[in-house]
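So the structure is just underneath, and the comments pick up after that.
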Amino acid sequence: MKQINSYIDSVFHNQNALLEEVISSIEENGMPSISVSPSSGKLLTMLISISGAKNILEIGALGGYSGICLARGFGREGKLTSLELEERYAKLAYSNLSKAGFGDQVSYITGEALQSLEKLVEDNKRFDFFFIDADKENYENYLRYCIRLADSGALIVTDNVLAGGSVADQGAKPKRYTELMKRFNETVANHPQLGSLLIPIGDGMTISKVKK
Ligand code: SAM
């Protein structure tokens with residue numbers, strides 16, 4: 001999987017100087033190197049550009065790598081709301097989005113994402129594109145909130161659903177992370193309000209279209 005991703009990135013030039021700087025800023029700040037892969041980031045940009053989504057909700061900001069990829073999809077017309085547990089991560093993400101020219105189109109809400117999501121529901125907020133990329137234990141809870149907050153036809157994209165390829169392992173007793181991702185994939189595949197597919201790019205992304 002790693003070899004295939006490296007090949008795709010090298011041929012399709014999915015990394016660039018600004019995104020390299022974001023990766024360096026994450027390392028310099030002692031934060032974990034768990035941003036989306038370059039090709040996954042490019043897929044996010046393309047999905048937003050193709051769908052015409054303008055009101056995006058991200059769950060899990062880290063240093064803003066995926067945030068920049070999302071914002072590049074909507075350009076000058078659109079808004080990104082991003083939920084992040086760690087105040088200092090959100091600050092770095094905001095600084096990186098500002099450097100990319102999207103400072104006035106992004107807002108970060110810090111704290112437990114589940115609480116932030118409940119507040120967004122209470123405030124009757126609506127979004128047409130969601131990116132789930134935070135703690136895996138809560139993926140199913142995040143999915144439920146995203147469906148509640150979705151406009152009809154909205155897309156929900158979720159990262160790391162292949163769990164390093166372990167979801168496809170037969171035999172060995174699956175680890176907790178693998179179990180969570182397998183259960184999540186089955187939920188999105190069979191959900192009556194979703195039409196979904198898993199794309200094996202990066203660490204795997206599910207793309208779900210909301211039917212209301
Ligand atoms: N989407 C980012 C990117 O590709 O640039 C990477 C996100 S990283 C995989 C996961 C992020 O989720 C971390 O920044 C972490 O602090 C955040 N996170 C973890 N648990 C959370 C929670 N309960 N509520 C909100 N954010 C959380």
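Residues in the structure tokens are named by chain (A, B, ... in the order shown) and by number from 1 within that chain; ligands are numbered from 1 in the order shown.
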Within-8 Å residues of ligand 1, basis only C-alpha atoms and all ligand atoms, as a ChimeraX atom specification = /A:32,34-37,41,58-67,83-86,89-90,110-114,131-135,138
Pick out each residue of range 121-185 of chain A that DSSP on the backbone tags as strand (DSSP E or B); I need them as a JSON list (two decimals) with N, CA and C atoms, in the first residue's frame.
```json
[["chain", "number", "residue", "atom", "x", "y", "z"],
["A", 127, "PHE", "N", -24.20, 21.76, 6.86],
["A", 127, "PHE", "CA", -22.96, 21.67, 6.08],
["A", 127, "PHE", "C", -23.21, 20.79, 4.86],
["A", 128, "ASP", "N", -22.41, 21.01, 3.80],
["A", 128, "ASP", "CA", -22.57, 20.18, 2.61],
["A", 128, "ASP", "C", -21.38, 19.26, 2.36],
["A", 129, "PHE", "N", -20.39, 19.30, 3.28],
["A", 129, "PHE", "CA", -19.24, 18.39, 3.14],
["A", 129, "PHE", "C", -18.63, 18.20, 4.54],
["A", 130, "PHE", "N", -18.32, 16.95, 4.87],
["A", 130, "PHE", "CA", -17.76, 16.63, 6.19],
["A", 130, "PHE", "C", -16.48, 15.82, 5.99],
["A", 131, "PHE", "N", -15.50, 16.09, 6.84],
["A", 131, "PHE", "CA", -14.30, 15.27, 6.84],
["A", 131, "PHE", "C", -14.04, 14.80, 8.27],
["A", 132, "ILE", "N", -14.16, 13.49, 8.47],
["A", 132, "ILE", "CA", -13.96, 12.89, 9.81],
["A", 132, "ILE", "C", -12.55, 12.33, 9.88],
["A", 150, "ALA", "N", -26.26, 17.40, 8.05],
["A", 150, "ALA", "CA", -26.04, 17.41, 6.60],
["A", 150, "ALA", "C", -27.21, 17.97, 5.81],
["A", 151, "ASP", "N", -26.89, 18.75, 4.80],
["A", 151, "ASP", "CA", -27.86, 19.07, 3.75],
["A", 151, "ASP", "C", -28.08, 17.80, 2.94],
["A", 152, "SER", "N", -29.24, 17.69, 2.28],
["A", 152, "SER", "CA", -29.45, 16.54, 1.40],
["A", 152, "SER", "C", -28.40, 16.56, 0.29],
["A", 153, "GLY", "N", -27.79, 15.43, 0.02],
["A", 153, "GLY", "CA", -26.76, 15.36, -1.03],
["A", 153, "GLY", "C", -25.35, 15.65, -0.52],
["A", 154, "ALA", "N", -25.23, 15.97, 0.77],
["A", 154, "ALA", "CA", -23.90, 16.26, 1.33],
["A", 154, "ALA", "C", -23.00, 15.03, 1.26],
["A", 155, "LEU", "N", -21.69, 15.28, 1.24],
["A", 155, "LEU", "CA", -20.72, 14.18, 1.26],
["A", 155, "LEU", "C", -20.06, 14.08, 2.62],
["A", 156, "ILE", "N", -19.85, 12.85, 3.08],
["A", 156, "ILE", "CA", -19.10, 12.61, 4.32],
["A", 156, "ILE", "C", -17.90, 11.75, 3.95],
["A", 157, "VAL", "N", -16.71, 12.29, 4.18],
["A", 157, "VAL", "CA", -15.48, 11.56, 3.87],
["A", 157, "VAL", "C", -14.79, 11.22, 5.19],
["A", 158, "THR", "N", -14.34, 9.99, 5.32],
["A", 158, "THR", "CA", -13.73, 9.54, 6.58],
["A", 158, "THR", "C", -12.38, 8.88, 6.28],
["A", 159, "ASP", "N", -11.36, 9.26, 7.07],
["A", 159, "ASP", "CA", -10.00, 8.78, 6.80],
["A", 159, "ASP", "C", -9.63, 7.59, 7.69]]
```
Give me, as an mmCIF file with C-alpha atoms, in the first residue's frame, the residues of range 89-200 of chain A that a backbone DSSP run labels helix (DSSP H, G or I).
```cif
data_model
loop_
_atom_site.group_PDB
_atom_site.id
_atom_site.type_symbol
_atom_site.label_atom_id
_atom_site.label_comp_id
_atom_site.auth_asym_id
_atom_site.auth_seq_id
_atom_site.Cartn_x
_atom_site.Cartn_y
_atom_site.Cartn_z
ATOM 1 C CA TYR A 89 -2.920 22.451 17.393
ATOM 2 C CA ALA A 90 -5.801 24.695 16.334
ATOM 3 C CA LYS A 91 -3.521 27.749 16.638
ATOM 4 C CA LEU A 92 -0.911 26.197 14.346
ATOM 5 C CA ALA A 93 -3.623 25.089 11.904
ATOM 6 C CA TYR A 94 -5.014 28.636 11.816
ATOM 7 C CA SER A 95 -1.533 30.044 11.203
ATOM 8 C CA ASN A 96 -0.968 27.581 8.336
ATOM 9 C CA LEU A 97 -4.395 28.245 6.771
ATOM 10 C CA SER A 98 -3.641 31.981 6.983
ATOM 11 C CA LYS A 99 -0.311 31.473 5.201
ATOM 12 C CA GLY A 103 -7.413 32.854 7.236
ATOM 13 C CA ASP A 104 -10.692 34.730 6.775
ATOM 14 C CA GLN A 105 -12.556 31.603 5.623
ATOM 15 C CA ALA A 113 -15.660 17.338 19.188
ATOM 16 C CA LEU A 114 -18.801 15.626 20.516
ATOM 17 C CA GLN A 115 -19.656 18.706 22.594
ATOM 18 C CA SER A 116 -18.925 21.047 19.679
ATOM 19 C CA LEU A 117 -21.130 18.920 17.408
ATOM 20 C CA GLU A 118 -24.023 19.029 19.890
ATOM 21 C CA LYS A 119 -23.734 22.839 19.954
ATOM 22 C CA LEU A 120 -23.755 22.984 16.124
ATOM 23 C CA VAL A 121 -26.985 20.905 16.130
ATOM 24 C CA GLU A 122 -28.561 23.223 18.747
ATOM 25 C CA LYS A 136 -11.390 6.437 16.047
ATOM 26 C CA GLU A 137 -13.451 5.420 19.138
ATOM 27 C CA ASN A 138 -15.946 8.140 18.223
ATOM 28 C CA TYR A 139 -16.163 7.625 14.448
ATOM 29 C CA GLU A 140 -19.690 6.154 14.668
ATOM 30 C CA ASN A 141 -20.813 9.018 16.939
ATOM 31 C CA TYR A 142 -19.274 11.553 14.538
ATOM 32 C CA LEU A 143 -21.048 9.897 11.628
ATOM 33 C CA ARG A 144 -24.425 10.200 13.406
ATOM 34 C CA TYR A 145 -23.830 13.903 14.058
ATOM 35 C CA CYS A 146 -22.677 14.532 10.484
ATOM 36 C CA ILE A 147 -25.911 12.987 9.128
ATOM 37 C CA ARG A 148 -27.948 15.232 11.462
ATOM 38 C CA LEU A 149 -26.014 18.319 10.309
ATOM 39 C CA ALA A 163 -6.353 0.756 9.438
ATOM 40 C CA GLY A 164 -3.037 0.180 7.652
ATOM 41 C CA GLY A 165 -4.616 -2.628 5.604
ATOM 42 C CA SER A 166 -5.453 -4.679 8.704
ATOM 43 C CA VAL A 167 -9.223 -4.586 8.010
ATOM 44 C CA ALA A 168 -8.604 -7.077 5.196
ATOM 45 C CA ARG A 176 -9.169 -2.734 18.771
ATOM 46 C CA TYR A 177 -8.356 -0.144 16.046
ATOM 47 C CA THR A 178 -8.978 -2.711 13.311
ATOM 48 C CA GLU A 179 -12.242 -3.794 14.926
ATOM 49 C CA LEU A 180 -13.439 -0.188 15.135
ATOM 50 C CA MET A 181 -12.670 0.491 11.474
ATOM 51 C CA LYS A 182 -14.287 -2.774 10.327
ATOM 52 C CA ARG A 183 -17.441 -1.934 12.261
ATOM 53 C CA PHE A 184 -17.429 1.634 10.922
ATOM 54 C CA ASN A 185 -17.066 0.425 7.320
ATOM 55 C CA GLU A 186 -19.979 -1.974 7.770
ATOM 56 C CA THR A 187 -22.096 0.820 9.239
ATOM 57 C CA VAL A 188 -21.488 3.233 6.339
ATOM 58 C CA ALA A 189 -21.884 0.460 3.757
ATOM 59 C CA ASN A 190 -25.317 -0.553 5.109
#
```
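Nearest to Val210 in chain A of all the residues A:Leu197, A:Pro192, A:Ile8, A:His13 is A:Pro192, counting only C-alpha atoms.
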